[in-house]
>>> print(open('entry-v6.csv').read())   # CSV, C-alpha atoms
chain,number,residue,atom,x,y,z
A,1,MET,CA,26.1,15.9,2.1
A,2,MET,CA,22.6,15.4,0.8
A,3,LYS,CA,21.3,17.6,-2.0
A,4,LYS,CA,18.0,16.3,-3.4
A,5,GLU,CA,14.7,15.1,-1.7
A,6,LEU,CA,12.2,12.9,-3.4
A,7,SER,CA,8.9,11.3,-2.2
A,8,LEU,CA,7.6,8.0,-3.3
A,9,PRO,CA,4.0,6.7,-3.0
A,10,TYR,CA,3.6,4.2,-0.1
A,11,GLY,CA,0.3,2.8,1.0
A,12,SER,CA,-2.1,5.7,1.3
A,13,GLY,CA,0.8,8.1,2.0
A,14,LYS,CA,4.4,8.8,0.9
A,15,ILE,CA,7.9,8.1,2.1
A,16,THR,CA,10.8,10.6,1.6
A,17,LEU,CA,14.3,9.9,0.2
A,18,GLN,CA,17.3,12.1,0.3
A,19,LEU,CA,19.6,11.5,-2.6
A,20,PRO,CA,23.4,11.8,-2.2
A,21,GLU,CA,25.6,14.0,-4.4
A,22,LYS,CA,28.3,11.5,-5.1
A,23,VAL,CA,26.7,9.2,-7.6
A,24,ALA,CA,27.7,8.8,-11.2
A,25,GLN,CA,24.1,9.3,-12.4
A,26,CYS,CA,20.6,9.5,-10.8
A,27,ASP,CA,17.6,9.5,-13.1
A,28,VAL,CA,13.9,9.7,-12.1
A,29,PHE,CA,11.4,8.2,-14.5
A,30,HIS,CA,7.7,8.9,-14.4
A,31,PRO,CA,5.1,7.6,-16.8
A,32,PRO,CA,4.4,9.9,-19.8
A,33,VAL,CA,2.4,13.0,-19.1
A,34,THR,CA,-0.4,14.2,-21.4
A,35,GLN,CA,-2.4,17.4,-21.5
A,36,LYS,CA,-5.6,15.5,-22.4
A,37,ALA,CA,-8.6,16.4,-20.2
A,38,PRO,CA,-9.8,13.6,-17.9
A,39,TYR,CA,-13.2,12.0,-18.5
A,40,THR,CA,-16.1,12.9,-16.2
A,41,ALA,CA,-19.1,10.8,-15.4
A,42,GLU,CA,-21.2,13.0,-17.6
A,43,LYS,CA,-18.9,12.4,-20.6
A,44,VAL,CA,-19.0,8.7,-20.0
A,45,TYR,CA,-22.9,8.8,-19.9
A,46,ASP,CA,-22.8,10.6,-23.3
A,47,LEU,CA,-20.6,7.9,-24.7
A,48,LEU,CA,-22.9,5.2,-23.6
A,49,GLN,CA,-25.9,6.9,-25.2
A,50,LYS,CA,-24.1,7.2,-28.5
A,51,SER,CA,-23.6,3.4,-28.7
A,52,PRO,CA,-26.6,2.0,-26.9
A,53,LEU,CA,-27.2,-1.7,-26.1
A,54,THR,CA,-30.5,-3.4,-27.1
A,55,LEU,CA,-32.3,-3.2,-23.7
A,56,THR,CA,-35.8,-3.8,-22.5
A,57,SER,CA,-37.1,-3.5,-18.9
A,58,LYS,CA,-37.3,-7.4,-18.8
A,59,LYS,CA,-33.6,-7.9,-19.4
A,60,ARG,CA,-31.4,-9.2,-16.5
A,61,VAL,CA,-28.1,-7.3,-16.5
A,62,ALA,CA,-24.9,-8.6,-14.9
A,63,ILE,CA,-22.0,-6.2,-14.4
A,64,ALA,CA,-18.5,-7.7,-13.6
A,65,ILE,CA,-16.4,-5.3,-11.5
A,66,ASN,CA,-12.9,-5.6,-10.1
A,67,ASP,CA,-12.1,-6.3,-6.5
A,68,LYS,CA,-10.3,-3.9,-4.1
A,69,THR,CA,-6.9,-4.8,-5.4
A,70,ARG,CA,-7.5,-2.8,-8.7
A,71,PRO,CA,-7.7,1.0,-8.8
A,72,VAL,CA,-10.9,1.4,-10.9
A,73,ARG,CA,-12.7,4.8,-10.9
A,74,TYR,CA,-16.2,3.6,-10.3
A,75,ASP,CA,-17.4,7.1,-9.8
A,76,VAL,CA,-16.5,7.8,-13.5
A,77,LEU,CA,-17.5,4.4,-15.0
A,78,LEU,CA,-20.0,2.5,-12.8
A,79,THR,CA,-22.2,5.4,-11.7
A,80,PRO,CA,-23.0,6.7,-15.3
A,81,LEU,CA,-23.4,3.1,-16.5
A,82,LEU,CA,-26.1,2.5,-13.8
A,83,HIS,CA,-27.7,5.8,-14.7
A,84,TYR,CA,-27.7,4.8,-18.4
A,85,LEU,CA,-29.4,1.5,-17.6
A,86,GLN,CA,-32.0,3.2,-15.4
A,87,GLU,CA,-32.8,5.7,-18.2
A,88,ALA,CA,-33.1,2.8,-20.6
A,89,GLY,CA,-35.9,1.3,-18.5
A,90,VAL,CA,-33.9,-1.4,-16.6
A,91,PRO,CA,-35.1,-1.5,-12.9
A,92,HIS,CA,-32.4,-1.7,-10.3
A,93,GLU,CA,-33.8,-5.0,-9.2
A,94,ALA,CA,-32.8,-6.5,-12.6
A,95,ILE,CA,-29.1,-5.5,-12.2
A,96,THR,CA,-26.5,-7.5,-10.2
A,97,LEU,CA,-22.9,-6.5,-9.7
A,98,PHE,CA,-20.4,-9.4,-9.6
A,99,ILE,CA,-17.1,-8.7,-7.8
A,100,SER,CA,-14.5,-10.5,-9.9
A,101,SER,CA,-12.2,-11.8,-7.2
A,102,GLY,CA,-10.6,-14.6,-9.2
A,103,THR,CA,-8.4,-16.6,-6.8
A,104,HIS,CA,-8.2,-13.7,-4.4
A,105,GLN,CA,-9.9,-13.9,-1.0
A,106,THR,CA,-13.6,-13.2,-1.1
A,107,ILE,CA,-14.5,-9.8,0.3
A,108,PRO,CA,-16.9,-9.4,3.3
A,109,THR,CA,-19.9,-7.2,2.6
A,110,SER,CA,-18.7,-4.7,5.2
A,111,GLU,CA,-15.8,-3.8,3.0
A,112,TYR,CA,-17.8,-3.1,-0.2
A,113,PRO,CA,-18.2,0.6,0.5
A,114,GLU,CA,-14.4,0.9,0.6
A,115,PHE,CA,-14.1,0.5,-3.1
A,116,ILE,CA,-17.7,0.7,-4.5
A,117,PRO,CA,-19.7,3.9,-4.1
A,118,PRO,CA,-21.8,3.6,-0.9
A,119,GLU,CA,-25.0,4.6,-2.7
A,120,VAL,CA,-24.5,1.7,-5.2
A,121,VAL,CA,-23.9,-0.7,-2.4
A,122,ALA,CA,-27.1,0.4,-0.7
A,123,ARG,CA,-29.2,0.1,-3.9
A,124,TYR,CA,-28.0,-2.9,-5.9
A,125,ALA,CA,-27.5,-6.6,-5.4
A,126,ILE,CA,-23.8,-7.5,-5.2
A,127,VAL,CA,-22.2,-11.0,-5.4
A,128,CYS,CA,-18.6,-11.7,-4.5
A,129,HIS,CA,-17.4,-14.6,-6.7
A,130,ASP,CA,-15.9,-17.7,-5.1
A,131,CYS,CA,-13.8,-19.7,-7.6
A,132,ASP,CA,-13.9,-22.8,-5.3
A,133,ASP,CA,-17.7,-22.9,-4.9
A,134,ALA,CA,-18.7,-25.5,-7.5
A,135,SER,CA,-22.4,-24.8,-7.0
A,136,GLN,CA,-21.8,-21.3,-8.5
A,137,LEU,CA,-20.1,-22.6,-11.6
A,138,LEU,CA,-21.3,-23.7,-15.0
A,139,ASP,CA,-19.2,-25.7,-17.5
A,140,VAL,CA,-19.3,-24.1,-21.0
A,141,GLY,CA,-16.6,-26.1,-22.8
A,142,THR,CA,-12.9,-26.0,-23.4
A,143,THR,CA,-10.7,-23.5,-25.2
A,144,MET,CA,-8.3,-24.4,-28.0
A,145,ALA,CA,-5.5,-24.2,-25.5
A,146,GLY,CA,-7.2,-26.8,-23.4
A,147,THR,CA,-8.6,-24.5,-20.7
A,148,PRO,CA,-11.8,-25.8,-19.1
A,149,VAL,CA,-14.3,-22.8,-18.9
A,150,LEU,CA,-16.2,-22.9,-15.7
A,151,ILE,CA,-18.1,-19.6,-15.3
A,152,ASN,CA,-20.2,-18.0,-12.6
A,153,ARG,CA,-23.6,-19.4,-13.4
A,154,ARG,CA,-25.6,-16.3,-12.4
A,155,PHE,CA,-23.4,-14.1,-14.5
A,156,TYR,CA,-23.6,-16.4,-17.5
A,157,GLU,CA,-27.4,-16.7,-17.3
A,158,ALA,CA,-28.0,-12.9,-17.4
A,159,ASP,CA,-29.3,-11.5,-20.7
A,160,ILE,CA,-26.8,-8.7,-20.8
A,161,LYS,CA,-23.2,-9.3,-19.5
A,162,ILE,CA,-21.0,-6.2,-19.1
A,163,THR,CA,-17.4,-6.0,-17.7
A,164,LEU,CA,-15.9,-2.9,-16.2
A,165,GLY,CA,-12.2,-2.5,-15.8
A,166,THR,CA,-8.9,-0.8,-16.8
A,167,ILE,CA,-6.6,-1.4,-19.7
A,168,GLU,CA,-3.0,-1.3,-18.4
A,169,PRO,CA,0.2,-3.4,-18.9
A,170,HIS,CA,0.2,-6.7,-17.1
A,171,HIS,CA,3.5,-8.4,-16.2
A,172,PHE,CA,2.6,-11.7,-17.9
A,173,MET,CA,-0.9,-11.3,-19.3
A,174,GLY,CA,0.4,-8.5,-21.6
A,175,PHE,CA,-2.5,-6.2,-20.8
A,176,SER,CA,-5.4,-6.2,-18.3
A,177,GLY,CA,-8.9,-5.2,-19.3
A,178,GLY,CA,-11.5,-6.4,-21.7
A,179,ALA,CA,-12.8,-9.9,-21.2
A,180,LYS,CA,-10.3,-10.6,-18.4
A,181,THR,CA,-12.5,-9.1,-15.6
A,182,ALA,CA,-15.0,-12.0,-16.1
A,183,ALA,CA,-12.9,-14.5,-18.0
A,184,ILE,CA,-10.4,-14.8,-15.1
A,185,GLY,CA,-12.3,-12.9,-12.3
A,186,LEU,CA,-15.5,-14.9,-12.5
A,187,THR,CA,-14.3,-18.4,-13.4
A,188,GLY,CA,-13.4,-21.5,-11.5
A,189,ARG,CA,-10.0,-22.2,-10.0
A,190,SER,CA,-9.3,-24.9,-12.6
A,191,THR,CA,-10.0,-22.4,-15.4
A,192,ILE,CA,-7.6,-19.8,-13.9
A,193,GLU,CA,-4.9,-22.3,-13.2
A,194,ALA,CA,-5.1,-23.8,-16.7
A,195,ASN,CA,-4.9,-20.3,-18.3
A,196,HIS,CA,-2.0,-19.2,-16.0
A,197,ARG,CA,-0.1,-22.4,-16.7
A,198,LEU,CA,0.5,-20.8,-20.1
A,199,LEU,CA,2.9,-18.3,-18.5
A,200,LEU,CA,5.6,-20.9,-19.1
A,201,GLN,CA,5.3,-20.3,-22.8
A,202,PRO,CA,7.0,-17.6,-24.9
A,203,TYR,CA,5.6,-14.1,-25.2
A,204,THR,CA,3.9,-14.1,-21.8
A,205,VAL,CA,5.4,-10.7,-20.9
A,206,THR,CA,4.4,-7.1,-20.3
A,207,GLY,CA,2.9,-5.3,-23.2
A,208,GLU,CA,2.5,-8.3,-25.5
A,209,TYR,CA,-1.0,-8.9,-26.7
A,210,GLU,CA,-1.4,-10.6,-30.1
A,211,ARG,CA,1.3,-13.3,-29.5
A,212,ASN,CA,0.6,-13.8,-25.8
A,213,PRO,CA,-1.0,-17.2,-25.4
A,214,MET,CA,-2.5,-16.4,-22.0
A,215,ARG,CA,-4.1,-13.2,-23.2
A,216,GLN,CA,-5.5,-14.9,-26.4
A,217,ASP,CA,-6.9,-17.7,-24.2
A,218,VAL,CA,-8.7,-15.1,-22.2
A,219,GLU,CA,-10.2,-13.7,-25.4
A,220,GLU,CA,-11.6,-17.1,-26.2
A,221,ILE,CA,-12.9,-17.6,-22.7
A,222,GLY,CA,-14.7,-14.2,-23.1
A,223,GLU,CA,-16.3,-15.4,-26.3
A,224,ARG,CA,-17.4,-18.7,-24.7
A,225,ILE,CA,-19.1,-16.9,-21.8
A,226,LYS,CA,-20.8,-14.5,-24.2
A,227,ILE,CA,-19.8,-11.1,-22.8
A,228,THR,CA,-22.0,-8.5,-24.4
A,229,ALA,CA,-19.9,-5.4,-23.9
A,230,CYS,CA,-17.0,-3.9,-22.0
A,231,LEU,CA,-16.7,-0.5,-20.4
A,232,ASN,CA,-13.0,0.1,-19.9
A,233,ALA,CA,-10.9,3.0,-18.9
A,234,VAL,CA,-7.3,3.9,-19.6
A,235,MET,CA,-5.9,5.8,-16.6
A,236,ASN,CA,-2.7,7.7,-16.0
A,237,TYR,CA,-0.6,7.1,-12.8
A,238,LYS,CA,-2.6,9.8,-11.0
A,239,LYS,CA,-5.7,7.7,-11.6
A,240,ASP,CA,-7.2,10.3,-14.0
A,241,VAL,CA,-9.4,8.6,-16.6
A,242,LEU,CA,-8.0,9.7,-20.0
A,243,GLU,CA,-9.8,7.3,-22.3
A,244,VAL,CA,-13.0,5.3,-22.1
A,245,LEU,CA,-13.9,2.5,-24.4
A,246,TRP,CA,-17.4,1.0,-24.8
A,247,ASP,CA,-17.5,-1.9,-27.2
A,248,THR,CA,-17.1,-5.7,-27.6
A,249,PRO,CA,-14.1,-7.2,-25.7
A,250,ARG,CA,-11.8,-7.5,-28.6
A,251,GLU,CA,-12.6,-4.1,-30.0
A,252,VAL,CA,-12.0,-2.5,-26.6
A,253,MET,CA,-8.6,-4.0,-26.4
A,254,LYS,CA,-7.8,-3.1,-30.0
A,255,LYS,CA,-8.7,0.6,-29.3
A,256,GLY,CA,-7.4,0.8,-25.7
A,257,ILE,CA,-3.9,-0.8,-26.0
A,258,PRO,CA,-2.3,2.0,-28.1
A,259,GLU,CA,-3.5,4.6,-25.6
A,260,SER,CA,-2.3,2.5,-22.7
A,261,ARG,CA,1.1,2.3,-24.3
A,262,ARG,CA,1.2,6.0,-24.7
A,263,LEU,CA,0.5,6.5,-21.0
A,264,THR,CA,3.0,3.9,-19.6
A,265,GLN,CA,5.9,3.2,-21.9
A,266,VAL,CA,9.1,5.1,-21.3
A,267,VAL,CA,12.5,4.7,-23.0
A,268,ILE,CA,14.9,3.6,-20.2
A,269,PRO,CA,18.2,1.9,-21.0
A,270,PRO,CA,18.9,-1.3,-18.9
A,271,MET,CA,22.1,0.2,-17.4
A,272,TYR,CA,21.5,1.0,-13.8
A,273,ASP,CA,23.3,-0.4,-10.8
A,274,LEU,CA,20.6,0.4,-8.3
A,275,VAL,CA,16.9,0.8,-9.0
A,276,ILE,CA,14.6,2.3,-6.4
A,277,ALA,CA,10.9,1.5,-7.1
A,278,SER,CA,7.5,2.1,-5.6
A,279,ALA,CA,4.6,0.0,-6.7
A,280,GLY,CA,2.6,3.3,-6.8
A,281,GLY,CA,0.9,3.2,-3.4
A,282,PHE,CA,-2.5,1.7,-2.5
A,283,PRO,CA,-4.1,-0.5,-3.9
A,284,LYS,CA,-1.1,-1.5,-6.1
A,285,ASP,CA,0.9,-2.2,-2.9
A,286,ILE,CA,-1.9,-3.7,-0.9
A,287,ASN,CA,0.1,-6.9,-0.7
A,288,LEU,CA,3.3,-8.4,-2.1
A,289,TYR,CA,1.3,-10.6,-4.5
A,290,GLN,CA,0.2,-7.4,-6.3
A,291,ALA,CA,3.4,-5.3,-5.7
A,292,GLN,CA,5.6,-7.9,-7.5
A,293,LYS,CA,4.4,-6.3,-10.7
A,294,ALA,CA,6.6,-3.3,-9.9
A,295,LEU,CA,9.6,-5.6,-9.5
A,296,THR,CA,9.1,-6.8,-13.0
A,297,ASN,CA,9.5,-3.3,-14.5
A,298,ALA,CA,12.3,-2.4,-12.2
A,299,CYS,CA,14.3,-5.5,-13.2
A,300,MET,CA,14.0,-4.4,-16.9
A,301,VAL,CA,16.3,-1.4,-16.3
A,302,CYS,CA,18.8,-3.0,-13.8
A,303,GLN,CA,22.1,-4.4,-14.7
A,304,PRO,CA,22.4,-8.2,-13.8
A,305,GLY,CA,23.9,-8.4,-10.3
A,306,GLY,CA,22.5,-5.0,-9.4
A,307,SER,CA,20.1,-4.1,-6.5
A,308,ILE,CA,16.5,-3.3,-6.5
A,309,LEU,CA,14.8,-1.5,-3.5
A,310,LEU,CA,11.1,-1.9,-3.5
A,311,ALA,CA,8.7,0.3,-1.5
A,312,ALA,CA,5.4,-1.4,-0.9
A,313,GLU,CA,3.4,-1.1,2.2
A,314,CYS,CA,1.8,-4.6,1.9
A,315,ARG,CA,-0.9,-3.9,4.5
A,316,GLU,CA,-2.4,-7.3,3.8
A,317,GLY,CA,1.0,-9.1,3.9
A,318,HIS,CA,2.0,-11.6,1.2
A,319,GLY,CA,-1.5,-11.7,-0.3
A,320,ASN,CA,-1.7,-15.4,-1.0
A,321,GLN,CA,-1.4,-18.3,1.4
A,322,LYS,CA,-0.5,-20.9,-1.3
A,323,TYR,CA,2.4,-18.6,-2.3
A,324,ALA,CA,3.6,-18.4,1.3
A,325,ASP,CA,3.1,-22.1,1.9
A,326,PHE,CA,5.1,-23.0,-1.2
A,327,MET,CA,8.0,-20.8,0.0
A,328,GLN,CA,8.2,-22.4,3.4
A,329,GLY,CA,11.6,-24.0,3.9
A,330,LYS,CA,13.1,-22.7,0.6
A,331,THR,CA,16.6,-21.5,1.0
A,332,SER,CA,17.4,-20.2,-2.5
A,333,PHE,CA,15.7,-19.0,-5.6
A,334,GLN,CA,17.2,-21.8,-7.6
A,335,GLN,CA,15.5,-24.3,-5.2
A,336,VAL,CA,12.2,-22.4,-5.9
A,337,LEU,CA,12.6,-22.9,-9.6
A,338,ASP,CA,13.6,-26.5,-9.3
A,339,GLU,CA,10.7,-27.5,-7.1
A,340,PHE,CA,8.1,-25.4,-9.0
A,341,GLY,CA,8.7,-27.6,-12.0
A,342,LYS,CA,8.1,-30.8,-10.0
A,343,VAL,CA,4.6,-30.1,-8.8
A,344,PRO,CA,1.3,-29.5,-10.5
A,345,PHE,CA,0.7,-25.9,-11.5
A,346,GLN,CA,-1.1,-23.8,-8.9
A,347,ILE,CA,-2.1,-20.1,-8.6
A,348,GLY,CA,0.0,-18.7,-5.8
A,349,PRO,CA,3.2,-20.7,-6.3
A,350,HIS,CA,3.4,-19.2,-9.7
A,351,LYS,CA,4.2,-15.9,-8.0
A,352,ALA,CA,7.2,-17.6,-6.3
A,353,TYR,CA,8.3,-18.7,-9.7
A,354,LEU,CA,8.1,-15.2,-11.1
A,355,ILE,CA,10.0,-13.7,-8.2
A,356,ALA,CA,12.6,-16.4,-8.3
A,357,ARG,CA,13.4,-15.8,-11.9
A,358,GLN,CA,14.2,-12.2,-11.0
A,359,GLY,CA,15.9,-13.1,-7.7
A,360,LEU,CA,18.6,-15.1,-9.6
A,361,LYS,CA,19.8,-12.0,-11.4
A,362,TYR,CA,19.3,-9.2,-8.9
A,363,ARG,CA,19.6,-8.4,-5.1
A,364,MET,CA,16.1,-7.5,-4.0
A,365,TYR,CA,15.2,-5.5,-0.9
A,366,LEU,CA,11.7,-4.7,0.5
A,367,GLN,CA,10.5,-1.8,2.6
A,368,SER,CA,7.1,-2.8,3.8
A,369,GLY,CA,4.9,-3.2,6.8
A,370,MET,CA,5.5,-7.0,6.9
A,371,ALA,CA,7.5,-8.6,9.7
A,372,ASP,CA,11.2,-9.1,8.8
A,373,ALA,CA,10.9,-12.9,9.3
A,374,ASP,CA,8.0,-13.1,6.9
A,375,VAL,CA,9.9,-11.1,4.2
A,376,ARG,CA,13.0,-13.4,4.7
A,377,ASP,CA,10.8,-16.5,4.3
A,378,LEU,CA,10.0,-15.2,0.8
A,379,LEU,CA,13.8,-14.8,0.2
A,380,LEU,CA,13.7,-11.0,0.0
A,381,THR,CA,15.8,-8.8,2.2
A,382,PRO,CA,13.8,-6.6,4.6
A,383,ILE,CA,14.9,-3.0,5.1
A,384,HIS,CA,13.1,-0.7,7.5
A,385,SER,CA,13.7,2.4,5.4
A,386,ILE,CA,15.0,3.0,1.9
A,387,ASP,CA,16.3,6.4,3.0
A,388,GLU,CA,18.3,4.7,5.8
A,389,TYR,CA,19.7,2.1,3.4
A,390,ILE,CA,20.9,5.0,1.1
A,391,SER,CA,22.5,6.9,3.9
A,392,HIS,CA,24.5,3.8,5.1
A,393,THR,CA,25.5,2.5,1.7
A,394,ASP,CA,28.5,3.7,-0.4
A,395,LEU,CA,26.8,4.8,-3.7
A,396,SER,CA,29.9,6.5,-5.1
A,397,GLY,CA,30.1,6.0,-8.9
A,398,MET,CA,26.7,4.2,-9.0
A,399,ARG,CA,24.1,4.8,-11.6
A,400,ILE,CA,20.7,5.0,-10.0
A,401,ALA,CA,17.2,4.9,-11.5
A,402,ILE,CA,14.1,5.8,-9.5
A,403,LEU,CA,10.6,4.7,-10.5
A,404,PRO,CA,8.0,6.3,-8.3
A,405,TYR,CA,5.2,4.5,-10.1
A,406,ALA,CA,7.0,1.4,-11.2
A,407,THR,CA,3.8,-0.7,-11.9
A,408,THR,CA,2.7,1.8,-14.6
A,409,THR,CA,6.2,2.7,-15.9
A,410,VAL,CA,7.0,0.2,-18.6
A,411,PRO,CA,10.5,0.3,-19.9
A,412,CYS,CA,10.8,0.0,-23.7
>>> encode(input="entry-v6.csv", output="structure tokens")
Amino acid sequence: MMKKELSLPYGSGKITLQLPEKVAQCDVFHPPVTQKAPYTAEKVYDLLQKSPLTLTSKKRVAIAINDKTRPVRYDVLLTPLLHYLQEAGVPHEAITLFISSGTHQTIPTSEYPEFIPPEVVARYAIVCHDCDDASQLLDVGTTMAGTPVLINRRFYEADIKITLGTIEPHHFMGFSGGAKTAAIGLTGRSTIEANHRLLLQPYTVTGEYERNPMRQDVEEIGERIKITACLNAVMNYKKDVLEVLWDTPREVMKKGIPESRRLTQVVIPPMYDLVIASAGGFPKDINLYQAQKALTNACMVCQPGGSILLAAECREGHGNQKYADFMQGKTSFQQVLDEFGKVPFQIGPHKAYLIARQGLKYRMYLQSGMADADVRDLLLTPIHSIDEYISHTDLSGMRIAILPYATTTVPC
């Protein structure tokens, strides 16, 4: 007999679960809730005016923004920033937006209005970065960690360089935000791969900033590419903007990380036999490449040998062809780890490495829109419905944790 119904975000909608009575324990964990009033565009505009940049009408302004895989509230951040620049005397012809696509696929212009306000698309020049186009890149040296810094030339040559983004926990970078939007999103593939190679070092984990070698390398890249200022938001799981920071890259991170922790960290003991997790819906589950971040947090509360059921629509499939290619023919997660160490580091296969580390300890199931064969090729077990799995599985005596917004629910 079923007693409790629960919905989980899935793509642009929801899926429903019915939880059985006969379990030892069933706990639902959401990110922390605050009564703080969300920021409006007007409040952000006031913030910008209180800490103005040195601008003249002759300045060329470059603004780095995230691509469609990141849930940034451009109506609250970008719109007032453009209004502020206009009021400061900068003509719209002097402003260029740079989509920080990193190693993600470049986005066709027809899709810009899906994540950028249409009135902005109609008025401003927009460039989608291509990390493999050498003609776009400028070499500005090497970091102390040995990372070659190849930056988008047009962005670098602007007089004012601004990044927009969100500060939230990142499963190996520690935190997103700050310089990262440009330092990773607008650099060359060799820069990104050299930086991401550092994930094999200690402290490359969720919520670690000062000791995280990848994140500190990003800060140095940001200094080398001479970012002027960052306009960053801290959002809750409902995508309300609860804090806005406007400062230098390092100061934005210093001020924003404590607020991000308050909105994401939850005390959860690592004691559960079964963890049911949603990545949080679109765009966090746009593909498996992004949704894997939810697996990281789910694993932190699951007993070794336990099971994790992930709900992620993955409307764009696996999300990275190099990841899929690397997984072809692999029959075990141990094989993935063994072969990963034998080849030069690449973005894409690193995702296989991260999932394999988790797959050795836990049984992992995926409800998605992907074909079953494609899910199995990635060594995950496809299920057509988490609710169906629950109804056909003996859960007697099991301890179950449910994370409806697993990407932004950080166990501590």
>>> closest_atom_pairs(input="entry-v6.csv", of="stretch 42-104 of chain A", to="stretch 267-290 of chain A", cutoff="12 Å", atoms="only C-alpha atoms", output="CSV")
residue,atom,partner,partner_atom,distance
A:Asn66,CA,A:Pro283,CA,11.9
A:Asp67,CA,A:Pro283,CA,10.2
A:Lys68,CA,A:Pro283,CA,7.1
A:Thr69,CA,A:Pro283,CA,5.3
A:Arg70,CA,A:Pro283,CA,6.3
A:Pro71,CA,A:Pro283,CA,6.3
A:Val72,CA,A:Pro283,CA,9.9
A:Thr103,CA,A:Tyr289,CA,11.6
A:His104,CA,A:Tyr289,CA,10.0
>>> residues_near_point(input="entry-v6.csv", point="(-6.1, -31.1, -8.2)", cutoff="12 Å", atoms="only C-alpha atoms", output="MDAnalysis selection string")
chainID A and resid 132 189:191 193:194 343:347
>>> atom_distance(input="entry-v6.csv", atom1="atom CA of A:Pro113", atom2="atom CA of A:Gly11")
18.6 Å
>>> atom_distance(input="entry-v6.csv", atom1="atom CA of A:Glu339", atom2="atom CA of A:Gln358")
16.2 Å
>>> residues_around(input="entry-v6.csv", residues="A:Arg153", least_positions_apart="5", cutoff="9 Å", atoms="all atoms listed in the file", output="list in words")
Ser135, Gln136, Leu137, Leu138, Asp139 and Ala158 of chain A
>>> atom_distance(input="entry-v6.csv", atom1="atom CA of A:Lys342", atom2="atom CA of A:Ala134")
27.4 Å
>>> closest_residue(input="entry-v6.csv", among="A:Val234, A:Ala64, A:Val121, A:Ile15", to="A:Thr264", atoms="all atoms listed in the file")
A:Val234
>>> residues_around(input="entry-v6.csv", residues="A:Tyr405", least_positions_apart="5", cutoff="12 Å", atoms="only C-alpha atoms", output="MDAnalysis selection string")
chainID A and resid 7:10 14 28:32 236:239 264:266 276:282 284:285 291 293:295 297:298 310:312 410:411
>>> residues_around(input="entry-v6.csv", residues="A:Ser176", least_positions_apart="5", cutoff="8 Å", atoms="all atoms listed in the file", output="number ranges by chain")
A: 166-170
>>> build_atoms(input="entry-v6.csv", residues="stretch 155-164 of chain A", atoms="N, CA, C and O atoms", output="PDB file, keeping the file's coordinate frame")
ATOM      1  N   PHE A 155     -23.877 -15.041 -13.485  1.00  0.00           N
ATOM      2  CA  PHE A 155     -23.400 -14.100 -14.500  1.00  0.00           C
ATOM      3  C   PHE A 155     -23.697 -14.562 -15.880  1.00  0.00           C
ATOM      4  O   PHE A 155     -24.218 -13.810 -16.708  1.00  0.00           O
ATOM      5  N   TYR A 156     -23.417 -15.826 -16.144  1.00  0.00           N
ATOM      6  CA  TYR A 156     -23.600 -16.400 -17.500  1.00  0.00           C
ATOM      7  C   TYR A 156     -25.055 -16.350 -17.922  1.00  0.00           C
ATOM      8  O   TYR A 156     -25.361 -16.107 -19.097  1.00  0.00           O
ATOM      9  N   GLU A 157     -25.958 -16.576 -16.983  1.00  0.00           N
ATOM     10  CA  GLU A 157     -27.400 -16.700 -17.300  1.00  0.00           C
ATOM     11  C   GLU A 157     -28.072 -15.340 -17.471  1.00  0.00           C
ATOM     12  O   GLU A 157     -29.247 -15.280 -17.835  1.00  0.00           O
ATOM     13  N   ALA A 158     -27.371 -14.256 -17.206  1.00  0.00           N
ATOM     14  CA  ALA A 158     -28.000 -12.900 -17.400  1.00  0.00           C
ATOM     15  C   ALA A 158     -28.136 -12.674 -18.909  1.00  0.00           C
ATOM     16  O   ALA A 158     -27.434 -13.246 -19.752  1.00  0.00           O
ATOM     17  N   ASP A 159     -29.081 -11.812 -19.247  1.00  0.00           N
ATOM     18  CA  ASP A 159     -29.300 -11.500 -20.700  1.00  0.00           C
ATOM     19  C   ASP A 159     -28.274 -10.556 -21.221  1.00  0.00           C
ATOM     20  O   ASP A 159     -27.903 -10.656 -22.388  1.00  0.00           O
ATOM     21  N   ILE A 160     -27.830  -9.632 -20.403  1.00  0.00           N
ATOM     22  CA  ILE A 160     -26.800  -8.700 -20.800  1.00  0.00           C
ATOM     23  C   ILE A 160     -25.627  -8.847 -19.828  1.00  0.00           C
ATOM     24  O   ILE A 160     -25.806  -8.783 -18.608  1.00  0.00           O
ATOM     25  N   LYS A 161     -24.427  -9.064 -20.361  1.00  0.00           N
ATOM     26  CA  LYS A 161     -23.200  -9.300 -19.500  1.00  0.00           C
ATOM     27  C   LYS A 161     -22.203  -8.188 -19.875  1.00  0.00           C
ATOM     28  O   LYS A 161     -21.732  -8.121 -21.011  1.00  0.00           O
ATOM     29  N   ILE A 162     -21.885  -7.360 -18.885  1.00  0.00           N
ATOM     30  CA  ILE A 162     -21.000  -6.200 -19.100  1.00  0.00           C
ATOM     31  C   ILE A 162     -19.789  -6.371 -18.135  1.00  0.00           C
ATOM     32  O   ILE A 162     -19.959  -6.779 -16.982  1.00  0.00           O
ATOM     33  N   THR A 163     -18.604  -6.036 -18.609  1.00  0.00           N
ATOM     34  CA  THR A 163     -17.400  -6.000 -17.700  1.00  0.00           C
ATOM     35  C   THR A 163     -16.925  -4.558 -17.623  1.00  0.00           C
ATOM     36  O   THR A 163     -16.909  -3.821 -18.610  1.00  0.00           O
ATOM     37  N   LEU A 164     -16.526  -4.185 -16.412  1.00  0.00           N
ATOM     38  CA  LEU A 164     -15.900  -2.900 -16.200  1.00  0.00           C
ATOM     39  C   LEU A 164     -14.438  -3.155 -15.765  1.00  0.00           C
ATOM     40  O   LEU A 164     -14.155  -4.116 -15.055  1.00  0.00           O
TER      41      LEU A 164
END
